[in-house]
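Listing of upload_24.cif; format and content: mmCIF, C-alpha atoms.
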data_work
#
loop_
_atom_site.group_PDB
_atom_site.id
_atom_site.type_symbol
_atom_site.label_atom_id
_atom_site.label_comp_id
_atom_site.auth_asym_id
_atom_site.auth_seq_id
_atom_site.Cartn_x
_atom_site.Cartn_y
_atom_site.Cartn_z
ATOM 1 C CA MET S 1 41.822 50.572 -197.214
ATOM 2 C CA ASP S 2 38.618 52.639 -196.841
ATOM 3 C CA ARG S 3 38.907 56.395 -196.741
ATOM 4 C CA GLU S 4 36.780 56.706 -193.588
ATOM 5 C CA HIS S 5 36.186 54.462 -190.583
ATOM 6 C CA PRO S 6 33.564 54.437 -187.794
ATOM 7 C CA ILE S 7 34.777 56.442 -184.804
ATOM 8 C CA GLU S 8 33.765 53.685 -182.346
ATOM 9 C CA ILE S 9 35.955 51.064 -184.034
ATOM 10 C CA VAL S 10 38.937 53.395 -184.413
ATOM 11 C CA LEU S 11 38.710 54.474 -180.776
ATOM 12 C CA GLN S 12 38.441 50.877 -179.562
ATOM 13 C CA LEU S 13 41.514 49.969 -181.607
ATOM 14 C CA ALA S 14 43.343 52.976 -180.175
ATOM 15 C CA CYS S 15 42.550 51.712 -176.667
ATOM 16 C CA ALA S 16 43.780 48.230 -177.616
ATOM 17 C CA ALA S 17 47.020 49.718 -178.964
ATOM 18 C CA GLU S 18 47.515 51.791 -175.792
ATOM 19 C CA ARG S 19 47.049 48.677 -173.656
ATOM 20 C CA GLN S 20 49.248 46.453 -175.812
ATOM 21 C CA GLN S 21 52.062 49.017 -176.022
ATOM 22 C CA GLY S 22 51.885 49.989 -172.362
ATOM 23 C CA GLY S 23 51.339 53.610 -173.406
ATOM 24 C CA TYR S 24 51.481 55.826 -176.458
ATOM 25 C CA VAL S 25 54.318 55.363 -178.955
ATOM 26 C CA LYS S 26 54.608 58.182 -181.494
ATOM 27 C CA GLU S 27 57.671 56.994 -183.427
ATOM 28 C CA ILE S 28 59.463 53.658 -183.902
ATOM 29 C CA GLU S 29 61.392 52.658 -180.776
ATOM 30 C CA SER S 30 64.037 49.976 -180.276
ATOM 31 C CA VAL S 31 63.550 47.892 -177.129
ATOM 32 C CA PHE S 32 66.555 46.224 -175.512
ATOM 33 C CA ALA S 33 66.794 43.399 -172.993
ATOM 34 C CA SER S 34 68.477 43.812 -169.610
ATOM 35 C CA ASP S 35 71.765 42.534 -171.088
ATOM 36 C CA GLY S 36 71.724 45.291 -173.705
ATOM 37 C CA GLN S 37 70.788 43.023 -176.587
ATOM 38 C CA PHE S 38 68.174 44.171 -179.081
ATOM 39 C CA ALA S 39 64.812 42.558 -178.287
ATOM 40 C CA PHE S 40 62.201 43.995 -180.640
ATOM 41 C CA MET S 41 60.832 47.128 -182.288
ATOM 42 C CA LYS S 42 57.904 49.118 -180.979
ATOM 43 C CA HIS S 43 55.896 50.637 -183.786
ATOM 44 C CA PRO S 44 53.708 53.740 -183.416
ATOM 45 C CA ASN S 45 50.205 53.209 -182.051
ATOM 46 C CA LYS S 46 48.903 54.844 -185.230
ATOM 47 C CA THR S 47 50.614 52.144 -187.331
ATOM 48 C CA LEU S 48 48.990 49.358 -185.299
ATOM 49 C CA VAL S 49 45.573 50.978 -185.769
ATOM 50 C CA GLN S 50 46.168 51.400 -189.517
ATOM 51 C CA ILE S 51 47.114 47.725 -189.936
ATOM 52 C CA ALA S 52 44.066 46.645 -187.922
ATOM 53 C CA LEU S 53 41.923 48.707 -190.298
ATOM 54 C CA GLY S 54 43.356 46.922 -193.325
ATOM 55 C CA ALA S 55 46.513 48.779 -194.324
ATOM 56 C CA ALA S 56 49.118 46.505 -195.893
ATOM 57 C CA TRP S 57 52.396 45.902 -194.025
ATOM 58 C CA THR S 58 55.237 46.700 -196.439
ATOM 59 C CA GLY S 59 58.165 46.237 -194.067
ATOM 60 C CA ASP S 60 60.183 43.195 -193.040
ATOM 61 C CA PRO S 61 57.683 40.424 -192.123
ATOM 62 C CA VAL S 62 59.802 39.602 -189.058
ATOM 63 C CA LEU S 63 59.280 43.126 -187.715
ATOM 64 C CA LYS S 64 55.528 43.221 -188.290
ATOM 65 C CA PRO S 65 53.821 44.269 -185.052
ATOM 66 C CA GLU S 66 51.470 41.993 -183.156
ATOM 67 C CA SER S 67 47.854 42.245 -184.280
ATOM 68 C CA LEU S 68 45.430 44.201 -182.124
ATOM 69 C CA HIS S 69 42.598 42.398 -180.358
ATOM 70 C CA ILE S 70 39.815 44.488 -178.815
ATOM 71 C CA THR S 71 38.776 43.414 -175.312
ATOM 72 C CA ALA S 72 35.752 44.316 -173.194
ATOM 73 C CA ASP S 73 37.976 46.708 -171.230
ATOM 74 C CA ASP S 74 38.988 48.464 -174.469
ATOM 75 C CA ILE S 75 35.326 48.919 -175.412
ATOM 76 C CA GLU S 76 34.495 50.335 -171.979
ATOM 77 C CA LEU S 77 37.476 52.697 -172.033
ATOM 78 C CA ALA S 78 36.493 53.912 -175.505
ATOM 79 C CA LYS S 79 33.035 54.808 -174.171
ATOM 80 C CA GLU S 80 34.576 56.701 -171.238
ATOM 81 C CA ILE S 81 36.911 58.629 -173.544
ATOM 82 C CA LYS S 82 34.116 59.584 -175.936
ATOM 83 C CA SER S 83 31.955 60.793 -173.059
ATOM 84 C CA TYR S 84 34.848 62.718 -171.493
ATOM 85 C CA PHE S 85 35.742 64.649 -174.625
ATOM 86 C CA LYS S 86 32.125 65.389 -175.449
ATOM 87 C CA ARG S 87 31.895 67.127 -172.061
ATOM 88 C CA LEU S 88 34.765 69.352 -173.197
ATOM 89 C CA MET S 89 32.916 70.527 -176.301
ATOM 90 C CA PHE S 90 32.620 74.066 -174.922
ATOM 91 C CA ALA S 91 36.403 74.476 -175.228
ATOM 92 C CA ALA S 92 36.396 73.003 -178.715
ATOM 93 C CA ILE S 93 33.541 75.231 -179.858
ATOM 94 C CA ALA S 94 35.308 78.255 -178.450
ATOM 95 C CA GLY S 95 38.353 77.323 -180.505
ATOM 96 C CA GLU S 96 40.654 77.528 -177.503
ATOM 97 C CA ASN S 97 42.378 74.265 -178.257
ATOM 98 C CA GLU S 98 43.057 73.114 -181.827
ATOM 99 C CA PHE S 99 43.518 69.464 -180.840
ATOM 100 C CA LYS S 100 40.218 69.315 -178.928
ATOM 101 C CA THR S 101 38.491 71.168 -181.751
ATOM 102 C CA GLU S 102 39.636 68.495 -184.213
ATOM 103 C CA VAL S 103 38.646 65.665 -181.855
ATOM 104 C CA ASN S 104 35.233 67.245 -181.337
ATOM 105 C CA GLN S 105 34.674 67.398 -185.097
ATOM 106 C CA LEU S 106 35.592 63.714 -185.469
ATOM 107 C CA LEU S 107 33.345 62.667 -182.584
ATOM 108 C CA THR S 108 30.478 64.714 -184.007
ATOM 109 C CA SER S 109 30.861 63.377 -187.548
ATOM 110 C CA GLY S 110 31.116 59.766 -186.340
ATOM 111 C CA VAL S 111 33.811 58.838 -188.853
ATOM 112 C CA VAL S 112 37.599 59.156 -189.063
ATOM 113 C CA PRO S 113 39.362 59.787 -192.393
ATOM 114 C CA ASN S 114 42.697 58.069 -192.976
ATOM 115 C CA ASN S 115 44.576 61.343 -192.631
ATOM 116 C CA ARG S 116 43.061 61.965 -189.169
ATOM 117 C CA LEU S 117 43.756 58.564 -187.585
ATOM 118 C CA GLY S 118 46.621 60.047 -185.577
ATOM 119 C CA PHE S 119 44.223 62.236 -183.586
ATOM 120 C CA ILE S 120 42.347 59.169 -182.343
ATOM 121 C CA ALA S 121 45.396 56.896 -181.946
ATOM 122 C CA CYS S 122 46.778 59.187 -179.226
ATOM 123 C CA LEU S 123 43.414 59.902 -177.570
ATOM 124 C CA PRO S 124 43.607 57.213 -174.826
ATOM 125 C CA SER S 125 46.952 58.632 -173.700
ATOM 126 C CA VAL S 126 45.653 62.211 -173.791
ATOM 127 C CA TYR S 127 42.540 61.172 -171.875
ATOM 128 C CA LYS S 128 44.520 59.434 -169.132
ATOM 129 C CA ARG S 129 46.846 62.418 -168.779
ATOM 130 C CA ASP S 130 44.067 65.033 -168.743
ATOM 131 C CA TYR S 131 41.801 63.053 -166.445
ATOM 132 C CA ALA S 132 44.599 62.286 -164.001
ATOM 133 C CA MET S 133 45.700 65.919 -163.926
ATOM 134 C CA THR S 134 42.160 67.194 -163.373
ATOM 135 C CA GLN S 135 41.378 64.657 -160.653
ATOM 136 C CA THR S 136 44.684 65.245 -158.888
ATOM 137 C CA GLU S 137 44.217 69.023 -158.881
ATOM 138 C CA LYS S 138 40.742 68.627 -157.395
ATOM 139 C CA ARG S 139 41.695 66.098 -154.767
ATOM 140 C CA VAL S 140 44.949 67.704 -153.632
ATOM 141 C CA LYS S 141 42.943 70.644 -152.287
ATOM 142 C CA THR S 142 40.964 68.331 -150.000
ATOM 143 C CA LEU S 143 43.788 66.097 -148.714
ATOM 144 C CA ASP S 144 45.043 66.019 -145.147
ATOM 145 C CA GLN S 145 48.528 67.304 -144.494
ATOM 146 C CA GLY S 146 51.148 64.926 -143.117
ATOM 147 C CA TYR S 147 52.207 61.410 -144.046
ATOM 148 C CA LEU S 148 50.606 57.987 -143.934
ATOM 149 C CA GLY S 149 52.980 56.649 -141.298
ATOM 150 C CA ALA S 150 56.544 56.389 -140.119
ATOM 151 C CA ILE S 151 59.296 55.366 -142.528
ATOM 152 C CA GLY S 152 59.876 51.618 -142.378
ATOM 153 C CA THR S 153 56.357 50.704 -141.225
ATOM 154 C CA THR S 154 54.109 48.307 -143.131
ATOM 155 C CA VAL S 155 50.805 49.203 -144.763
ATOM 156 C CA LEU S 156 48.180 46.446 -144.837
ATOM 157 C CA ASP S 157 44.772 46.116 -146.528
ATOM 158 C CA LYS S 158 44.152 49.794 -147.236
ATOM 159 C CA ASP S 159 41.418 51.116 -149.496
ATOM 160 C CA CYS S 160 43.000 53.344 -152.094
ATOM 161 C CA GLU S 161 42.082 55.633 -154.984
ATOM 162 C CA VAL S 162 44.464 55.698 -157.955
ATOM 163 C CA LEU S 163 44.760 59.232 -159.348
ATOM 164 C CA SER S 164 47.346 58.615 -162.058
ATOM 165 C CA SER S 165 49.400 55.817 -163.581
ATOM 166 C CA LYS S 166 52.236 57.087 -165.748
ATOM 167 C CA ARG S 167 54.986 55.044 -167.354
ATOM 168 C CA SER S 168 58.413 56.013 -166.052
ATOM 169 C CA LYS S 169 60.976 57.272 -168.550
ATOM 170 C CA ASN S 170 63.861 55.867 -166.497
ATOM 171 C CA PHE S 171 62.484 52.569 -165.198
ATOM 172 C CA ASP S 172 60.488 49.674 -166.603
ATOM 173 C CA ALA S 173 57.538 50.530 -164.385
ATOM 174 C CA TYR S 174 54.592 52.863 -163.870
ATOM 175 C CA ASN S 175 54.637 55.665 -161.324
ATOM 176 C CA ILE S 176 51.407 55.601 -159.338
ATOM 177 C CA ASP S 177 49.875 58.576 -157.524
ATOM 178 C CA ALA S 178 47.078 57.584 -155.175
ATOM 179 C CA ILE S 179 45.217 58.425 -151.974
ATOM 180 C CA ILE S 180 45.091 56.350 -148.789
ATOM 181 C CA ASP S 181 43.394 57.657 -145.606
ATOM 182 C CA ASN S 182 42.985 61.024 -147.363
ATOM 183 C CA LYS S 183 46.762 61.371 -147.759
ATOM 184 C CA MET S 184 48.706 61.172 -151.022
ATOM 185 C CA VAL S 185 50.936 58.164 -151.612
ATOM 186 C CA SER S 186 53.024 57.019 -154.575
ATOM 187 C CA TRP S 187 54.871 53.901 -155.691
ATOM 188 C CA PHE S 188 56.281 52.077 -158.713
ATOM 189 C CA SER S 189 54.097 49.368 -160.247
ATOM 190 C CA LYS S 190 55.119 46.775 -162.812
ATOM 191 C CA THR S 191 51.628 46.985 -164.302
ATOM 192 C CA ASP S 192 49.510 49.901 -165.460
ATOM 193 C CA LEU S 193 46.768 50.421 -162.874
ATOM 194 C CA LYS S 194 43.319 51.721 -163.733
ATOM 195 C CA LEU S 195 42.289 55.095 -162.359
ATOM 196 C CA GLY S 196 39.827 54.700 -159.507
ATOM 197 C CA PRO S 197 39.306 52.263 -156.613
ATOM 198 C CA CYS S 198 42.132 49.975 -155.568
ATOM 199 C CA VAL S 199 43.256 48.007 -152.510
ATOM 200 C CA VAL S 200 46.839 48.118 -151.292
ATOM 201 C CA VAL S 201 47.115 44.604 -149.897
ATOM 202 C CA LYS S 202 50.609 45.240 -148.583
ATOM 203 C CA GLY S 203 53.360 47.806 -148.851
ATOM 204 C CA LYS S 204 56.173 49.397 -146.922
ATOM 205 C CA ILE S 205 56.730 53.102 -146.308
ATOM 206 C CA LYS S 206 60.001 53.994 -148.018
ATOM 207 C CA ASP S 207 60.264 57.733 -147.405
ATOM 208 C CA HIS S 208 58.497 61.078 -147.086
ATOM 209 C CA SER S 209 58.617 63.691 -149.848
ATOM 210 C CA SER S 210 56.482 66.302 -151.583
ATOM 211 C CA HIS S 211 54.661 66.189 -154.915
ATOM 212 C CA TRP S 212 56.759 67.589 -157.765
ATOM 213 C CA LYS S 213 53.884 69.773 -159.001
ATOM 214 C CA HIS S 214 51.473 70.383 -156.146
ATOM 215 C CA HIS S 215 54.076 70.372 -153.362
ATOM 216 C CA ASN S 216 51.797 68.566 -150.921
ATOM 217 C CA PRO S 217 53.187 65.801 -148.647
ATOM 218 C CA VAL S 218 53.592 62.408 -150.357
ATOM 219 C CA THR S 219 54.294 59.074 -148.691
ATOM 220 C CA ARG S 220 56.484 56.970 -150.955
ATOM 221 C CA LEU S 221 55.824 53.210 -150.782
ATOM 222 C CA ASN S 222 57.734 50.196 -152.071
ATOM 223 C CA PHE S 223 57.181 46.431 -152.242
ATOM 224 C CA VAL S 224 53.537 47.219 -152.975
ATOM 225 C CA LYS S 225 50.989 44.531 -153.733
ATOM 226 C CA ALA S 226 47.848 46.167 -155.113
ATOM 227 C CA ALA S 227 44.553 44.676 -156.317
ATOM 228 C CA GLN S 228 41.763 46.098 -158.475
#
Could I get this structure in the form of structure tokens?
Amino acid sequence: MDREHPIEIVLQLACAAERQQGGYVKEIESVFASDGQFAFMKHPNKTLVQIALGAAWTGDPVLKPESLHITADDIELAKEIKSYFKRLMFAAIAGENEFKTEVNQLLTSGVVPNNRLGFIACLPSVYKRDYAMTQTEKRVKTLDQGYLGAIGTTVLDKDCEVLSSKRSKNFDAYNIDAIIDNKMVSWFSKTDLKLGPCVVVKGKIKDHSSHWKHHNPVTRLNFVKAAQ
């Protein structure tokens, strides 16, 4: 296994691992089926990246994780992430954030040593979290007050902007924060939605609440069919 690897390849593999795992896995996790029976092991994203870069698998062959395959979407996301963190260089240069300082150094050098792979393996997750938080904070200030509609009514063919897509800790789903008609909405999705434009083909208004952080009105939807 080489001591250093091109940043572009490592970042693309990190994006592939994030997609394949449905998020960032830091430590080995046991996954169980709905009947409580053991299904499989989830290995850390860093481990998947290391194996893809040539590290030998020394564990039980049966438990070896699925190989990573880089897609066009992974390549595009890697470009977005690199551009995003380069825009944050001022914070890294100022030394205000040790993590961003380290990432900036790796991006600038263009290579990733073996002992720094963990910084890049988690970068897609950090990017999604930071970007979603920044976008939500900006947009919340411009949203209309009130709710999308009455509880029990149906929403059809609505243009939508996805602000965040975060995997739920309690359910096998992603919690989506989005904007429809300049009002915030949220729902559970079985799939991880991309941040940005979306169309809610159909959904039903479940209830009215407020955002846990920003405290603005949120229309909760269910039975949502969304397309991107």
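When only C-alpha atoms are used to measure the gap to S:Asp130, the shortest distance among S:Phe38, S:Phe223, S:Phe85, S:Trp187 belongs to S:Phe85.
Checking S:Gly196, S:Gly54, S:Pro124, S:Gly149 one by one against S:Thr219, counting all atoms listed in the file, you find the shortest gap at S:Gly149.
Taking atom CA of S:Asp177 and atom CA of S:Ala14 as endpoints, the distance between them is 24.2 Å.
The smallest atom-to-atom distance between S:Glu161 and any of S:Asp144, S:Asp181, S:Glu137, S:Asp35, using all atoms listed in the file, is found for S:Asp181.
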Grab all the atoms of stretch 44-59 of chain S that the file lists, wrap them in a box along x, y and z, add 3 Å per side, and give me centre plus edge lengths in Å (one decimal) as lines of an AutoDock Vina configuration file.
center_x = 50.0
center_y = 50.4
center_z = -189.2
size_x = 22.2
size_y = 14.9
size_z = 20.4
Within 10 Å of (39.4, 51.1, -180.7) (file coordinates; only C-alpha atoms), which protein or nucleic acid residues are there? I'd like them as a short mmCIF file (atom, residue, chain, number, x, y, z; two decimals) with C-alpha atoms, in the coordinates of the input.
data_model
loop_
_atom_site.label_atom_id
_atom_site.label_comp_id
_atom_site.auth_asym_id
_atom_site.auth_seq_id
_atom_site.Cartn_x
_atom_site.Cartn_y
_atom_site.Cartn_z
CA PRO S 6 33.56 54.44 -187.79
CA ILE S 7 34.78 56.44 -184.80
CA GLU S 8 33.76 53.68 -182.35
CA ILE S 9 35.96 51.06 -184.03
CA VAL S 10 38.94 53.40 -184.41
CA LEU S 11 38.71 54.47 -180.78
CA GLN S 12 38.44 50.88 -179.56
CA LEU S 13 41.51 49.97 -181.61
CA ALA S 14 43.34 52.98 -180.18
CA CYS S 15 42.55 51.71 -176.67
CA ALA S 16 43.78 48.23 -177.62
CA ALA S 17 47.02 49.72 -178.96
CA GLU S 18 47.52 51.79 -175.79
CA VAL S 49 45.57 50.98 -185.77
CA ALA S 52 44.07 46.64 -187.92
CA LEU S 68 45.43 44.20 -182.12
CA HIS S 69 42.60 42.40 -180.36
CA ILE S 70 39.82 44.49 -178.82
CA THR S 71 38.78 43.41 -175.31
CA ASP S 74 38.99 48.46 -174.47
CA ILE S 75 35.33 48.92 -175.41
CA LEU S 77 37.48 52.70 -172.03
CA ALA S 78 36.49 53.91 -175.50
CA LYS S 79 33.03 54.81 -174.17
CA ILE S 120 42.35 59.17 -182.34
CA ALA S 121 45.40 56.90 -181.95
CA PRO S 124 43.61 57.21 -174.83
#
Near-S:Leu193 list (12 Å; all atoms listed in the file; drop same-chain fewer than 6 positions) as a ChimeraX atom specification: /S:19,22-23,128,160-167,173-178,187,199-200,225-228
Can you tell me, as a PyMOL selection string, what residues are no more than 10 Å from S:His211 when counting only C-alpha atoms, ignoring any on the same chain fewer than 6 positions away? chain S and resi 140+177+184-186+217-219
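Proximity of S:Ser168, S:Ile179, S:Ala132, S:Leu156 to S:Leu195, computed with all atoms listed in the file, is greatest for S:Ala132.
Here, the PyMOL selection byres ((chain S and resi 65) around 12) matches Ala17, Gln20, Gln21, Ile28, Phe40, Met41, Lys42, His43, Pro44, Asn45, Lys46, Thr47, Leu48, Val49, Gln50, Ile51, Ala52, Trp57, Thr58, Gly59, Asp60, Pro61, Val62, Leu63, Lys64, Glu66, Ser67 and Leu68 of chain S.
With distances restricted to all atoms listed in the file, S:Arg3 is the closest residue to S:Leu53 from S:Ala39, S:Glu80, S:Tyr24, S:Arg3.
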Measure the distance from atom CA of S:Thr108 to atom CA of S:Glu4 in Å and round it to one decimal. 14.0 Å
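Across the structure, atom CA of S:Phe32 and atom CA of S:Tyr127 are spaced 28.5 Å apart.
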Test item: residues at most 12 Å from S:Lys206, only C-alpha atoms, excluding those fewer than 2 positions along its chain, as a compact mmCIF listing (two decimals) with C-alpha atoms, in the coordinates of the input:
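Written file, around11.txt:
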# COMPACT_ATOMS: atom_id res chain seq x y z
CA TYR S 147 52.21 61.41 -144.05
CA LEU S 148 50.61 57.99 -143.93
CA GLY S 149 52.98 56.65 -141.30
CA ALA S 150 56.54 56.39 -140.12
CA ILE S 151 59.30 55.37 -142.53
CA GLY S 152 59.88 51.62 -142.38
CA THR S 153 56.36 50.70 -141.22
CA THR S 154 54.11 48.31 -143.13
CA VAL S 155 50.80 49.20 -144.76
CA VAL S 185 50.94 58.16 -151.61
CA SER S 186 53.02 57.02 -154.57
CA TRP S 187 54.87 53.90 -155.69
CA PHE S 188 56.28 52.08 -158.71
CA GLY S 203 53.36 47.81 -148.85
CA LYS S 204 56.17 49.40 -146.92
CA HIS S 208 58.50 61.08 -147.09
CA SER S 209 58.62 63.69 -149.85
CA VAL S 218 53.59 62.41 -150.36
CA THR S 219 54.29 59.07 -148.69
CA ARG S 220 56.48 56.97 -150.96
CA LEU S 221 55.82 53.21 -150.78
CA ASN S 222 57.73 50.20 -152.07
CA PHE S 223 57.18 46.43 -152.24
CA VAL S 224 53.54 47.22 -152.98
